[in-house]
>>> print(open('coords25.cif').read())   # mmCIF, C-alpha atoms
data_structure
#
loop_
_atom_site.group_PDB
_atom_site.id
_atom_site.type_symbol
_atom_site.label_atom_id
_atom_site.label_comp_id
_atom_site.auth_asym_id
_atom_site.auth_seq_id
_atom_site.Cartn_x
_atom_site.Cartn_y
_atom_site.Cartn_z
ATOM 1 C CA MET H 1 9.550 133.296 159.281
ATOM 2 C CA SER H 2 13.104 134.393 159.077
ATOM 3 C CA GLU H 3 15.936 131.938 159.441
ATOM 4 C CA PRO H 4 17.032 133.251 162.886
ATOM 5 C CA ASP H 5 13.451 132.824 164.145
ATOM 6 C CA GLN H 6 13.297 129.247 162.822
ATOM 7 C CA GLN H 7 16.563 128.409 164.604
ATOM 8 C CA ALA H 8 15.159 129.801 167.854
ATOM 9 C CA VAL H 9 12.029 127.630 167.492
ATOM 10 C CA HIS H 10 14.126 124.492 166.866
ATOM 11 C CA ALA H 11 16.242 125.303 169.911
ATOM 12 C CA GLN H 12 13.135 125.544 172.042
ATOM 13 C CA ASP H 13 11.880 122.190 170.671
ATOM 14 C CA ARG H 14 15.083 120.517 171.826
ATOM 15 C CA GLU H 15 14.631 121.737 175.408
ATOM 16 C CA ARG H 16 13.025 119.140 177.701
ATOM 17 C CA VAL H 17 10.453 119.860 180.343
ATOM 18 C CA ASP H 18 11.874 120.179 183.839
ATOM 19 C CA PRO H 19 11.339 116.994 185.883
ATOM 20 C CA GLU H 20 8.554 117.025 188.414
ATOM 21 C CA GLU H 21 8.197 114.932 191.585
ATOM 22 C CA ARG H 22 5.108 112.849 191.641
ATOM 23 C CA ILE H 23 3.638 110.795 194.463
ATOM 24 C CA ARG H 24 3.674 107.200 193.318
ATOM 25 C CA PRO H 25 1.612 104.930 195.581
ATOM 26 C CA MET H 26 2.849 101.417 196.522
ATOM 27 C CA PRO H 27 1.662 98.779 194.084
ATOM 28 C CA ILE H 28 -1.439 96.993 195.287
ATOM 29 C CA LEU H 29 0.075 93.489 195.618
ATOM 30 C CA PRO H 30 3.019 94.440 197.903
ATOM 31 C CA ALA H 31 0.651 96.592 199.968
ATOM 32 C CA VAL H 32 -1.744 93.657 200.446
ATOM 33 C CA ILE H 33 1.166 91.371 201.452
ATOM 34 C CA ALA H 34 2.498 93.905 203.959
ATOM 35 C CA VAL H 35 -0.912 94.397 205.557
ATOM 36 C CA GLY H 36 -1.421 90.625 205.680
ATOM 37 C CA MET H 37 1.905 90.098 207.464
ATOM 38 C CA VAL H 38 1.064 92.760 210.054
ATOM 39 C CA LEU H 39 -2.343 91.202 210.688
ATOM 40 C CA PHE H 40 -0.813 87.735 210.984
ATOM 41 C CA GLY H 41 1.680 89.013 213.550
ATOM 42 C CA ILE H 42 -1.062 90.621 215.626
ATOM 43 C CA ILE H 43 -3.216 87.478 215.547
ATOM 44 C CA TYR H 44 -0.227 85.289 216.449
ATOM 45 C CA ILE H 45 0.659 87.449 219.466
ATOM 46 C CA ILE H 46 -2.948 87.462 220.669
ATOM 47 C CA ASN H 47 -3.303 83.680 220.344
ATOM 48 C CA SER H 48 0.070 82.886 221.940
ATOM 49 C CA GLY H 49 -1.457 83.139 225.401
ATOM 50 C CA PRO H 50 -0.717 85.249 228.429
ATOM 51 C CA TYR H 51 2.907 85.989 229.254
ATOM 52 C CA THR H 52 2.291 85.420 232.938
ATOM 53 C CA SER H 53 1.352 81.776 232.512
ATOM 54 C CA PRO H 54 2.823 79.623 235.322
ATOM 55 C CA ALA H 55 3.915 77.105 232.699
ATOM 56 C CA LEU H 56 6.446 79.592 231.372
ATOM 57 C CA GLY H 57 9.743 80.717 232.828
ATOM 58 C CA ASP H 58 12.487 79.278 234.986
ATOM 59 C CA HIS H 59 11.103 77.004 237.693
ATOM 60 C CA ARG H 60 14.350 76.576 239.618
ATOM 61 C CA THR H 61 14.282 77.656 243.240
ATOM 62 C CA LEU H 62 16.994 79.436 245.190
ATOM 63 C CA ALA H 63 17.978 76.085 246.672
ATOM 64 C CA ASP H 64 18.529 74.712 243.174
ATOM 65 C CA LEU H 65 20.838 77.597 242.307
ATOM 66 C CA ARG H 66 22.971 77.404 245.431
ATOM 67 C CA PRO H 67 26.254 75.440 245.119
ATOM 68 C CA GLN H 68 25.971 72.024 246.670
ATOM 69 C CA ALA H 69 28.672 70.064 248.375
ATOM 70 C CA ALA H 70 29.806 66.952 246.555
ATOM 71 C CA GLY H 71 28.345 63.851 248.104
ATOM 72 C CA ALA H 72 29.281 60.203 248.137
ATOM 73 C CA GLY H 73 27.945 57.275 246.177
ATOM 74 C CA SER H 74 27.595 58.343 242.566
ATOM 75 C CA GLY H 75 29.419 61.575 243.290
ATOM 76 C CA GLY H 76 26.469 63.500 244.736
ATOM 77 C CA ALA H 77 26.219 66.821 242.942
ATOM 78 C CA VAL H 78 29.240 65.982 240.791
ATOM 79 C CA ASP H 79 28.322 65.561 237.142
ATOM 80 C CA GLY H 80 30.174 62.386 236.179
ATOM 81 C CA GLY H 81 29.035 62.680 232.570
ATOM 82 C CA ALA H 82 30.561 66.144 232.255
ATOM 83 C CA ILE H 83 33.847 64.942 233.776
ATOM 84 C CA PHE H 84 33.874 62.008 231.350
ATOM 85 C CA ALA H 85 33.229 64.307 228.387
ATOM 86 C CA ALA H 86 36.049 66.634 229.429
ATOM 87 C CA ASN H 87 38.686 64.031 230.298
ATOM 88 C CA CYS H 88 37.841 60.650 228.803
ATOM 89 C CA ALA H 89 35.618 60.907 225.724
ATOM 90 C CA ALA H 90 38.436 61.991 223.398
ATOM 91 C CA CYS H 91 40.002 58.534 223.724
ATOM 92 C CA HIS H 92 37.213 56.212 224.831
ATOM 93 C CA GLN H 93 34.588 58.055 222.727
ATOM 94 C CA ALA H 94 31.177 59.263 223.855
ATOM 95 C CA THR H 95 29.771 55.828 223.012
ATOM 96 C CA GLY H 96 32.236 54.104 225.345
ATOM 97 C CA LYS H 97 33.407 51.934 222.439
ATOM 98 C CA GLY H 98 36.932 53.352 222.262
ATOM 99 C CA LEU H 99 38.971 53.052 219.067
ATOM 100 C CA PRO H 100 39.829 49.518 217.885
ATOM 101 C CA GLY H 101 43.492 48.746 218.388
ATOM 102 C CA VAL H 102 44.172 52.148 219.931
ATOM 103 C CA PHE H 103 41.960 52.932 222.919
ATOM 104 C CA PRO H 104 40.097 50.153 224.752
ATOM 105 C CA PRO H 105 36.319 50.236 225.176
ATOM 106 C CA LEU H 106 34.676 51.002 228.499
ATOM 107 C CA ASP H 107 31.330 49.596 227.441
ATOM 108 C CA GLY H 108 31.280 45.996 228.636
ATOM 109 C CA SER H 109 34.800 46.134 230.052
ATOM 110 C CA ASP H 110 35.518 43.857 233.024
ATOM 111 C CA TRP H 111 37.900 46.507 234.313
ATOM 112 C CA VAL H 112 35.000 48.962 234.534
ATOM 113 C CA HIS H 113 32.268 46.843 236.112
ATOM 114 C CA GLY H 114 34.657 44.594 238.035
ATOM 115 C CA GLU H 115 36.358 45.217 241.383
ATOM 116 C CA PRO H 116 35.717 48.877 242.353
ATOM 117 C CA ARG H 117 39.117 49.354 244.000
ATOM 118 C CA VAL H 118 40.887 48.236 240.806
ATOM 119 C CA LEU H 119 39.004 50.845 238.778
ATOM 120 C CA ALA H 120 39.811 53.394 241.478
ATOM 121 C CA ASN H 121 43.526 52.641 241.148
ATOM 122 C CA ILE H 122 43.359 52.852 237.363
ATOM 123 C CA LEU H 123 41.950 56.357 237.615
ATOM 124 C CA LEU H 124 44.311 57.398 240.403
ATOM 125 C CA HIS H 125 47.555 56.073 238.909
ATOM 126 C CA GLY H 126 46.986 55.315 235.211
ATOM 127 C CA ILE H 127 48.183 52.353 233.144
ATOM 128 C CA THR H 128 51.030 51.735 230.743
ATOM 129 C CA GLY H 129 51.737 48.618 228.705
ATOM 130 C CA GLU H 130 49.578 45.770 227.476
ATOM 131 C CA ILE H 131 46.053 45.228 228.691
ATOM 132 C CA GLU H 132 43.302 42.969 227.371
ATOM 133 C CA VAL H 133 39.753 44.250 227.097
ATOM 134 C CA GLU H 134 36.869 42.301 225.616
ATOM 135 C CA GLY H 135 39.270 39.804 224.048
ATOM 136 C CA GLN H 136 41.356 42.493 222.350
ATOM 137 C CA LYS H 137 44.860 43.515 223.367
ATOM 138 C CA PHE H 138 45.856 47.135 223.652
ATOM 139 C CA ASN H 139 49.316 48.495 224.269
ATOM 140 C CA GLY H 140 49.305 52.151 225.168
ATOM 141 C CA GLN H 141 49.239 54.530 228.071
ATOM 142 C CA MET H 142 46.435 56.010 230.124
ATOM 143 C CA PRO H 143 47.281 59.052 232.274
ATOM 144 C CA ALA H 144 46.515 59.310 235.953
ATOM 145 C CA PHE H 145 43.707 61.560 237.142
ATOM 146 C CA ALA H 146 44.812 61.968 240.723
ATOM 147 C CA GLN H 147 44.386 65.725 240.337
ATOM 148 C CA LEU H 148 40.616 65.194 240.489
ATOM 149 C CA SER H 149 38.944 65.045 243.886
ATOM 150 C CA ASP H 150 37.651 61.795 245.366
ATOM 151 C CA ALA H 151 34.064 62.927 244.690
ATOM 152 C CA GLU H 152 34.870 63.761 241.068
ATOM 153 C CA LEU H 153 36.573 60.420 240.521
ATOM 154 C CA ALA H 154 33.631 58.645 242.145
ATOM 155 C CA GLY H 155 31.292 60.575 239.878
ATOM 156 C CA VAL H 156 33.025 59.637 236.633
ATOM 157 C CA ALA H 157 33.604 56.040 237.753
ATOM 158 C CA SER H 158 29.935 55.673 238.663
ATOM 159 C CA TYR H 159 28.975 57.235 235.344
ATOM 160 C CA ILE H 160 30.908 54.737 233.224
ATOM 161 C CA ARG H 161 29.766 51.822 235.409
ATOM 162 C CA SER H 162 26.116 52.652 234.706
ATOM 163 C CA SER H 163 26.305 53.886 231.108
ATOM 164 C CA TRP H 164 25.823 52.113 227.784
ATOM 165 C CA SER H 165 25.422 48.384 228.493
ATOM 166 C CA ASN H 166 27.115 48.652 231.895
ATOM 167 C CA LYS H 167 24.708 48.191 234.803
ATOM 168 C CA SER H 168 27.011 48.138 237.817
ATOM 169 C CA GLU H 169 26.535 49.892 241.138
ATOM 170 C CA PRO H 170 28.087 53.336 241.740
ATOM 171 C CA ILE H 171 31.393 53.685 243.572
ATOM 172 C CA ASP H 172 31.528 55.659 246.790
ATOM 173 C CA ALA H 173 34.021 58.497 247.104
ATOM 174 C CA SER H 174 35.411 56.821 250.216
ATOM 175 C CA VAL H 175 36.855 54.060 247.997
ATOM 176 C CA PHE H 176 38.994 56.633 246.221
ATOM 177 C CA ALA H 177 40.006 58.242 249.486
ATOM 178 C CA THR H 178 41.152 54.871 250.822
ATOM 179 C CA GLU H 179 43.023 53.870 247.665
ATOM 180 C CA ARG H 180 44.600 57.303 247.316
ATOM 181 C CA LYS H 181 46.008 56.977 250.826
ATOM 182 C CA ALA H 182 47.092 53.359 250.305
ATOM 183 C CA GLY H 183 48.885 54.203 247.060
ATOM 184 C CA ALA H 184 50.423 57.466 248.201
ATOM 185 C CA ALA H 185 53.920 56.052 247.660
ATOM 186 C CA ARG H 186 53.224 55.058 244.038
ATOM 187 C CA THR H 187 54.691 57.488 241.513
ATOM 188 C CA THR H 188 54.345 55.392 238.342
ATOM 189 C CA PRO H 189 51.352 53.931 236.497
ATOM 190 C CA PHE H 190 50.411 50.265 236.673
ATOM 191 C CA GLU H 191 52.321 48.096 234.213
ATOM 192 C CA GLY H 192 49.476 46.702 232.155
ATOM 193 C CA GLY H 193 46.747 44.247 232.975
ATOM 194 C CA ALA H 194 49.073 41.858 234.816
ATOM 195 C CA ALA H 195 49.801 44.429 237.518
ATOM 196 C CA LEU H 196 46.110 45.180 237.887
ATOM 197 C CA LYS H 197 45.276 41.492 238.278
ATOM 198 C CA ALA H 198 47.993 41.214 240.908
ATOM 199 C CA LEU H 199 46.455 44.187 242.713
ATOM 200 C CA ALA H 200 43.033 42.521 242.706
ATOM 201 C CA ALA H 201 44.483 39.214 243.914
ATOM 202 C CA THR H 202 46.621 40.574 246.750
ATOM 203 C CA GLY H 203 44.329 43.346 247.899
ATOM 204 C CA ASN H 204 47.363 45.705 248.117
#
>>> encode(input="coords25.cif", output="structure tokens")
Amino acid sequence: MSEPDQQAVHAQDRERVDPEERIRPMPILPAVIAVGMVLFGIIYIINSGPYTSPALGDHRTLADLRPQAAGAGSGGAVDGGAIFAANCAACHQATGKGLPGVFPPLDGSDWVHGEPRVLANILLHGITGEIEVEGQKFNGQMPAFAQLSDAELAGVASYIRSSWSNKSEPIDASVFATERKAGAARTTPFEGGAALKALAATGN
């Protein structure tokens, strides 16, 4: 074979076969897993019970969804716990224990489960100065919450009087209405525990 022919043969040897597409089936193990997952899903749906079961769904009635007027006593439809969480828990803590030396506890406090009208005035007008709670002295300031309605104040007061270790009766919203009217001229908070004791003693 001549040299040019040999070079042509070598050139053809270096050429590779054109690629071809081949159908490659899924490996057996992944296929078995996929089929198993599909079957499991079908069995789970079948065994989960009927979707029209009366035990499922929202059972509230139209009456439950209608807004309700705030009542008396514990605040009626007012959620005292929600009001406490929004306005009081940051200082007095969700546990009602307060922060030692900073914010007094509500749990076990005589100011909470004592004279209802004193607690009403604390919420309506606030406190500034020294106050003793559970044998500990605190010197700070509590803001007034007169912007809340009588029902809302009754709700939160009743909540703290019956939460944690406190087991006192709820306060009626009428107590706040009366004290709000009686203290309409007051523009400053009570000056510590001494002023609150004077309030309880005089009834004014």
>>> residues_near_point(input="coords25.cif", point="(24.7, 46.1, 237.0)", cutoff="12 Å", atoms="all atoms listed in the file", output="list in words")
Gly108, Asp110, Val112, His113, Gly114, Ser158, Ile160, Arg161, Ser162, Ser163, Trp164, Ser165, Asn166, Lys167, Ser168, Glu169 and Pro170 of chain H
>>> resolve_selection(input="coords25.cif", expression="the PyMOL selection byres ((chain H and resi 142-149) around 8)", output="compact mmCIF listing (two decimals) with C-alpha atoms, in the coordinates of the input")
# COMPACT_ATOMS: atom_id res chain seq x y z
CA ILE H 122 43.36 52.85 237.36
CA LEU H 123 41.95 56.36 237.62
CA LEU H 124 44.31 57.40 240.40
CA HIS H 125 47.56 56.07 238.91
CA GLY H 126 46.99 55.32 235.21
CA ILE H 127 48.18 52.35 233.14
CA THR H 128 51.03 51.74 230.74
CA GLY H 140 49.30 52.15 225.17
CA GLN H 141 49.24 54.53 228.07
CA ASP H 150 37.65 61.80 245.37
CA ALA H 151 34.06 62.93 244.69
CA GLU H 152 34.87 63.76 241.07
CA LEU H 153 36.57 60.42 240.52
CA PRO H 189 51.35 53.93 236.50
>>> resolve_selection(input="coords25.cif", expression="the PyMOL selection byres ((chain H and resi 92) around 12)", output="ChimeraX atom specification")
/H:84-91,93-107,109,142,160
>>> atom_distance(input="coords25.cif", atom1="atom CA of H:Asp79", atom2="atom CA of H:Lys181")
24.0 Å
>>> closest_residue(input="coords25.cif", among="H:Ile42, H:Ala194, H:Ile171, H:Val32", to="H:Tyr159", atoms="all atoms listed in the file")
H:Ile171
>>> atom_distance(input="coords25.cif", atom1="atom CA of H:Asn139", atom2="atom CA of H:Ala157")
22.0 Å
>>> atom_distance(input="coords25.cif", atom1="atom CA of H:Gly193", atom2="atom CA of H:Leu119")
11.7 Å
>>> closest_residue(input="coords25.cif", among="H:Glu115, H:Ala184, H:Gly192, H:Ile28", to="H:Phe138", atoms="only C-alpha atoms")
H:Gly192
>>> closest_residue(input="coords25.cif", among="H:Ile83, H:Val78, H:Ala34, H:Leu199", to="H:Ala120", atoms="all atoms listed in the file")
H:Leu199
>>> decode(input="coords25.cif", residues="stretch 101-144 of chain H", atoms="N, CA and C atoms", output="PDB file, in the first residue's frame")
ATOM      1  N   GLY H 101     -36.556  44.373  91.621  1.00  0.00           N
ATOM      2  CA  GLY H 101     -35.925  45.672  91.748  1.00  0.00           C
ATOM      3  C   GLY H 101     -36.299  46.670  90.686  1.00  0.00           C
ATOM      4  N   VAL H 102     -37.050  46.228  89.676  1.00  0.00           N
ATOM      5  CA  VAL H 102     -37.395  47.123  88.561  1.00  0.00           C
ATOM      6  C   VAL H 102     -38.907  47.266  88.432  1.00  0.00           C
ATOM      7  N   PHE H 103     -39.581  46.145  88.152  1.00  0.00           N
ATOM      8  CA  PHE H 103     -41.029  46.173  87.994  1.00  0.00           C
ATOM      9  C   PHE H 103     -41.641  45.221  89.019  1.00  0.00           C
ATOM     10  N   PRO H 104     -42.600  45.695  89.794  1.00  0.00           N
ATOM     11  CA  PRO H 104     -43.175  44.859  90.862  1.00  0.00           C
ATOM     12  C   PRO H 104     -44.006  43.703  90.309  1.00  0.00           C
ATOM     13  N   PRO H 105     -44.108  42.630  91.081  1.00  0.00           N
ATOM     14  CA  PRO H 105     -44.929  41.491  90.651  1.00  0.00           C
ATOM     15  C   PRO H 105     -46.412  41.788  90.818  1.00  0.00           C
ATOM     16  N   LEU H 106     -47.216  41.135  90.008  1.00  0.00           N
ATOM     17  CA  LEU H 106     -48.670  41.190  90.163  1.00  0.00           C
ATOM     18  C   LEU H 106     -49.178  39.922  90.836  1.00  0.00           C
ATOM     19  N   ASP H 107     -48.412  38.860  90.685  1.00  0.00           N
ATOM     20  CA  ASP H 107     -48.769  37.584  91.295  1.00  0.00           C
ATOM     21  C   ASP H 107     -48.585  37.692  92.809  1.00  0.00           C
ATOM     22  N   GLY H 108     -49.669  37.596  93.544  1.00  0.00           N
ATOM     23  CA  GLY H 108     -49.605  37.669  94.994  1.00  0.00           C
ATOM     24  C   GLY H 108     -49.605  39.076  95.558  1.00  0.00           C
ATOM     25  N   SER H 109     -49.718  40.077  94.710  1.00  0.00           N
ATOM     26  CA  SER H 109     -49.672  41.462  95.167  1.00  0.00           C
ATOM     27  C   SER H 109     -50.958  41.861  95.866  1.00  0.00           C
ATOM     28  N   ASP H 110     -50.822  42.495  97.048  1.00  0.00           N
ATOM     29  CA  ASP H 110     -51.995  42.994  97.773  1.00  0.00           C
ATOM     30  C   ASP H 110     -52.692  44.094  96.992  1.00  0.00           C
ATOM     31  N   TRP H 111     -51.948  44.815  96.177  1.00  0.00           N
ATOM     32  CA  TRP H 111     -52.557  45.882  95.386  1.00  0.00           C
ATOM     33  C   TRP H 111     -53.474  45.309  94.308  1.00  0.00           C
ATOM     34  N   VAL H 112     -53.195  44.091  93.888  1.00  0.00           N
ATOM     35  CA  VAL H 112     -54.001  43.452  92.836  1.00  0.00           C
ATOM     36  C   VAL H 112     -55.253  42.818  93.415  1.00  0.00           C
ATOM     37  N   HIS H 113     -55.096  41.984  94.453  1.00  0.00           N
ATOM     38  CA  HIS H 113     -56.274  41.290  94.982  1.00  0.00           C
ATOM     39  C   HIS H 113     -56.852  41.972  96.214  1.00  0.00           C
ATOM     40  N   GLY H 114     -56.462  43.251  96.423  1.00  0.00           N
ATOM     41  CA  GLY H 114     -57.024  44.014  97.527  1.00  0.00           C
ATOM     42  C   GLY H 114     -58.283  44.767  97.115  1.00  0.00           C
ATOM     43  N   GLU H 115     -58.409  45.999  97.604  1.00  0.00           N
ATOM     44  CA  GLU H 115     -59.580  46.829  97.338  1.00  0.00           C
ATOM     45  C   GLU H 115     -59.723  47.093  95.833  1.00  0.00           C
ATOM     46  N   PRO H 116     -60.844  46.692  95.220  1.00  0.00           N
ATOM     47  CA  PRO H 116     -61.010  46.866  93.774  1.00  0.00           C
ATOM     48  C   PRO H 116     -60.880  48.312  93.306  1.00  0.00           C
ATOM     49  N   ARG H 117     -61.408  49.265  94.080  1.00  0.00           N
ATOM     50  CA  ARG H 117     -61.363  50.655  93.628  1.00  0.00           C
ATOM     51  C   ARG H 117     -59.942  51.207  93.635  1.00  0.00           C
ATOM     52  N   VAL H 118     -59.069  50.662  94.492  1.00  0.00           N
ATOM     53  CA  VAL H 118     -57.667  51.092  94.485  1.00  0.00           C
ATOM     54  C   VAL H 118     -56.994  50.612  93.201  1.00  0.00           C
ATOM     55  N   LEU H 119     -57.230  49.353  92.841  1.00  0.00           N
ATOM     56  CA  LEU H 119     -56.668  48.831  91.594  1.00  0.00           C
ATOM     57  C   LEU H 119     -57.218  49.601  90.399  1.00  0.00           C
ATOM     58  N   ALA H 120     -58.497  49.961  90.467  1.00  0.00           N
ATOM     59  CA  ALA H 120     -59.099  50.739  89.383  1.00  0.00           C
ATOM     60  C   ALA H 120     -58.390  52.078  89.223  1.00  0.00           C
ATOM     61  N   ASN H 121     -58.076  52.729  90.331  1.00  0.00           N
ATOM     62  CA  ASN H 121     -57.400  54.027  90.266  1.00  0.00           C
ATOM     63  C   ASN H 121     -55.954  53.900  89.800  1.00  0.00           C
ATOM     64  N   ILE H 122     -55.319  52.786  90.139  1.00  0.00           N
ATOM     65  CA  ILE H 122     -53.956  52.556  89.653  1.00  0.00           C
ATOM     66  C   ILE H 122     -53.958  52.488  88.133  1.00  0.00           C
ATOM     67  N   LEU H 123     -54.910  51.751  87.582  1.00  0.00           N
ATOM     68  CA  LEU H 123     -54.982  51.612  86.132  1.00  0.00           C
ATOM     69  C   LEU H 123     -55.422  52.902  85.456  1.00  0.00           C
ATOM     70  N   LEU H 124     -56.305  53.643  86.101  1.00  0.00           N
ATOM     71  CA  LEU H 124     -56.814  54.878  85.499  1.00  0.00           C
ATOM     72  C   LEU H 124     -55.811  56.026  85.533  1.00  0.00           C
ATOM     73  N   HIS H 125     -55.012  56.093  86.612  1.00  0.00           N
ATOM     74  CA  HIS H 125     -54.155  57.271  86.807  1.00  0.00           C
ATOM     75  C   HIS H 125     -52.656  56.973  86.864  1.00  0.00           C
ATOM     76  N   GLY H 126     -52.275  55.710  87.081  1.00  0.00           N
ATOM     77  CA  GLY H 126     -50.858  55.378  87.147  1.00  0.00           C
ATOM     78  C   GLY H 126     -50.254  55.672  88.516  1.00  0.00           C
ATOM     79  N   ILE H 127     -48.985  55.328  88.659  1.00  0.00           N
ATOM     80  CA  ILE H 127     -48.264  55.529  89.927  1.00  0.00           C
ATOM     81  C   ILE H 127     -46.874  56.043  89.618  1.00  0.00           C
ATOM     82  N   THR H 128     -46.359  56.887  90.491  1.00  0.00           N
ATOM     83  CA  THR H 128     -44.962  57.290  90.420  1.00  0.00           C
ATOM     84  C   THR H 128     -44.412  57.340  91.838  1.00  0.00           C
ATOM     85  N   GLY H 129     -43.156  56.963  92.004  1.00  0.00           N
ATOM     86  CA  GLY H 129     -42.558  56.982  93.335  1.00  0.00           C
ATOM     87  C   GLY H 129     -42.473  55.596  93.944  1.00  0.00           C
ATOM     88  N   GLU H 130     -42.237  55.569  95.242  1.00  0.00           N
ATOM     89  CA  GLU H 130     -41.956  54.308  95.937  1.00  0.00           C
ATOM     90  C   GLU H 130     -43.227  53.565  96.307  1.00  0.00           C
ATOM     91  N   ILE H 131     -43.197  52.276  96.064  1.00  0.00           N
ATOM     92  CA  ILE H 131     -44.304  51.404  96.441  1.00  0.00           C
ATOM     93  C   ILE H 131     -43.732  50.062  96.880  1.00  0.00           C
ATOM     94  N   GLU H 132     -44.356  49.476  97.897  1.00  0.00           N
ATOM     95  CA  GLU H 132     -43.877  48.193  98.420  1.00  0.00           C
ATOM     96  C   GLU H 132     -44.813  47.081  97.985  1.00  0.00           C
ATOM     97  N   VAL H 133     -44.227  46.038  97.430  1.00  0.00           N
ATOM     98  CA  VAL H 133     -44.997  44.890  96.957  1.00  0.00           C
ATOM     99  C   VAL H 133     -44.306  43.620  97.422  1.00  0.00           C
ATOM    100  N   GLU H 134     -45.036  42.796  98.136  1.00  0.00           N
ATOM    101  CA  GLU H 134     -44.494  41.522  98.605  1.00  0.00           C
ATOM    102  C   GLU H 134     -43.184  41.711  99.387  1.00  0.00           C
ATOM    103  N   GLY H 135     -43.141  42.760 100.199  1.00  0.00           N
ATOM    104  CA  GLY H 135     -41.972  43.009 101.032  1.00  0.00           C
ATOM    105  C   GLY H 135     -40.803  43.652 100.313  1.00  0.00           C
ATOM    106  N   GLN H 136     -40.936  43.931  99.034  1.00  0.00           N
ATOM    107  CA  GLN H 136     -39.865  44.573  98.278  1.00  0.00           C
ATOM    108  C   GLN H 136     -40.290  45.981  97.871  1.00  0.00           C
ATOM    109  N   LYS H 137     -39.341  46.898  97.896  1.00  0.00           N
ATOM    110  CA  LYS H 137     -39.640  48.281  97.530  1.00  0.00           C
ATOM    111  C   LYS H 137     -39.227  48.545  96.082  1.00  0.00           C
ATOM    112  N   PHE H 138     -40.083  49.234  95.407  1.00  0.00           N
ATOM    113  CA  PHE H 138     -39.843  49.600  94.009  1.00  0.00           C
ATOM    114  C   PHE H 138     -40.032  51.101  93.879  1.00  0.00           C
ATOM    115  N   ASN H 139     -39.193  51.707  93.080  1.00  0.00           N
ATOM    116  CA  ASN H 139     -39.289  53.153  92.881  1.00  0.00           C
ATOM    117  C   ASN H 139     -39.225  53.427  91.379  1.00  0.00           C
ATOM    118  N   GLY H 140     -40.383  53.549  90.782  1.00  0.00           N
ATOM    119  CA  GLY H 140     -40.427  53.753  89.343  1.00  0.00           C
ATOM    120  C   GLY H 140     -41.688  54.498  88.947  1.00  0.00           C
ATOM    121  N   GLN H 141     -42.150  54.227  87.768  1.00  0.00           N
ATOM    122  CA  GLN H 141     -43.345  54.903  87.281  1.00  0.00           C
ATOM    123  C   GLN H 141     -44.163  53.950  86.434  1.00  0.00           C
ATOM    124  N   MET H 142     -45.447  53.917  86.706  1.00  0.00           N
ATOM    125  CA  MET H 142     -46.380  53.129  85.898  1.00  0.00           C
ATOM    126  C   MET H 142     -47.306  54.102  85.190  1.00  0.00           C
ATOM    127  N   PRO H 143     -47.461  53.986  83.879  1.00  0.00           N
ATOM    128  CA  PRO H 143     -48.325  54.919  83.140  1.00  0.00           C
ATOM    129  C   PRO H 143     -49.802  54.670  83.413  1.00  0.00           C
ATOM    130  N   ALA H 144     -50.593  55.658  83.132  1.00  0.00           N
ATOM    131  CA  ALA H 144     -52.043  55.520  83.234  1.00  0.00           C
ATOM    132  C   ALA H 144     -52.580  54.852  81.977  1.00  0.00           C
TER     133      ALA H 144
END
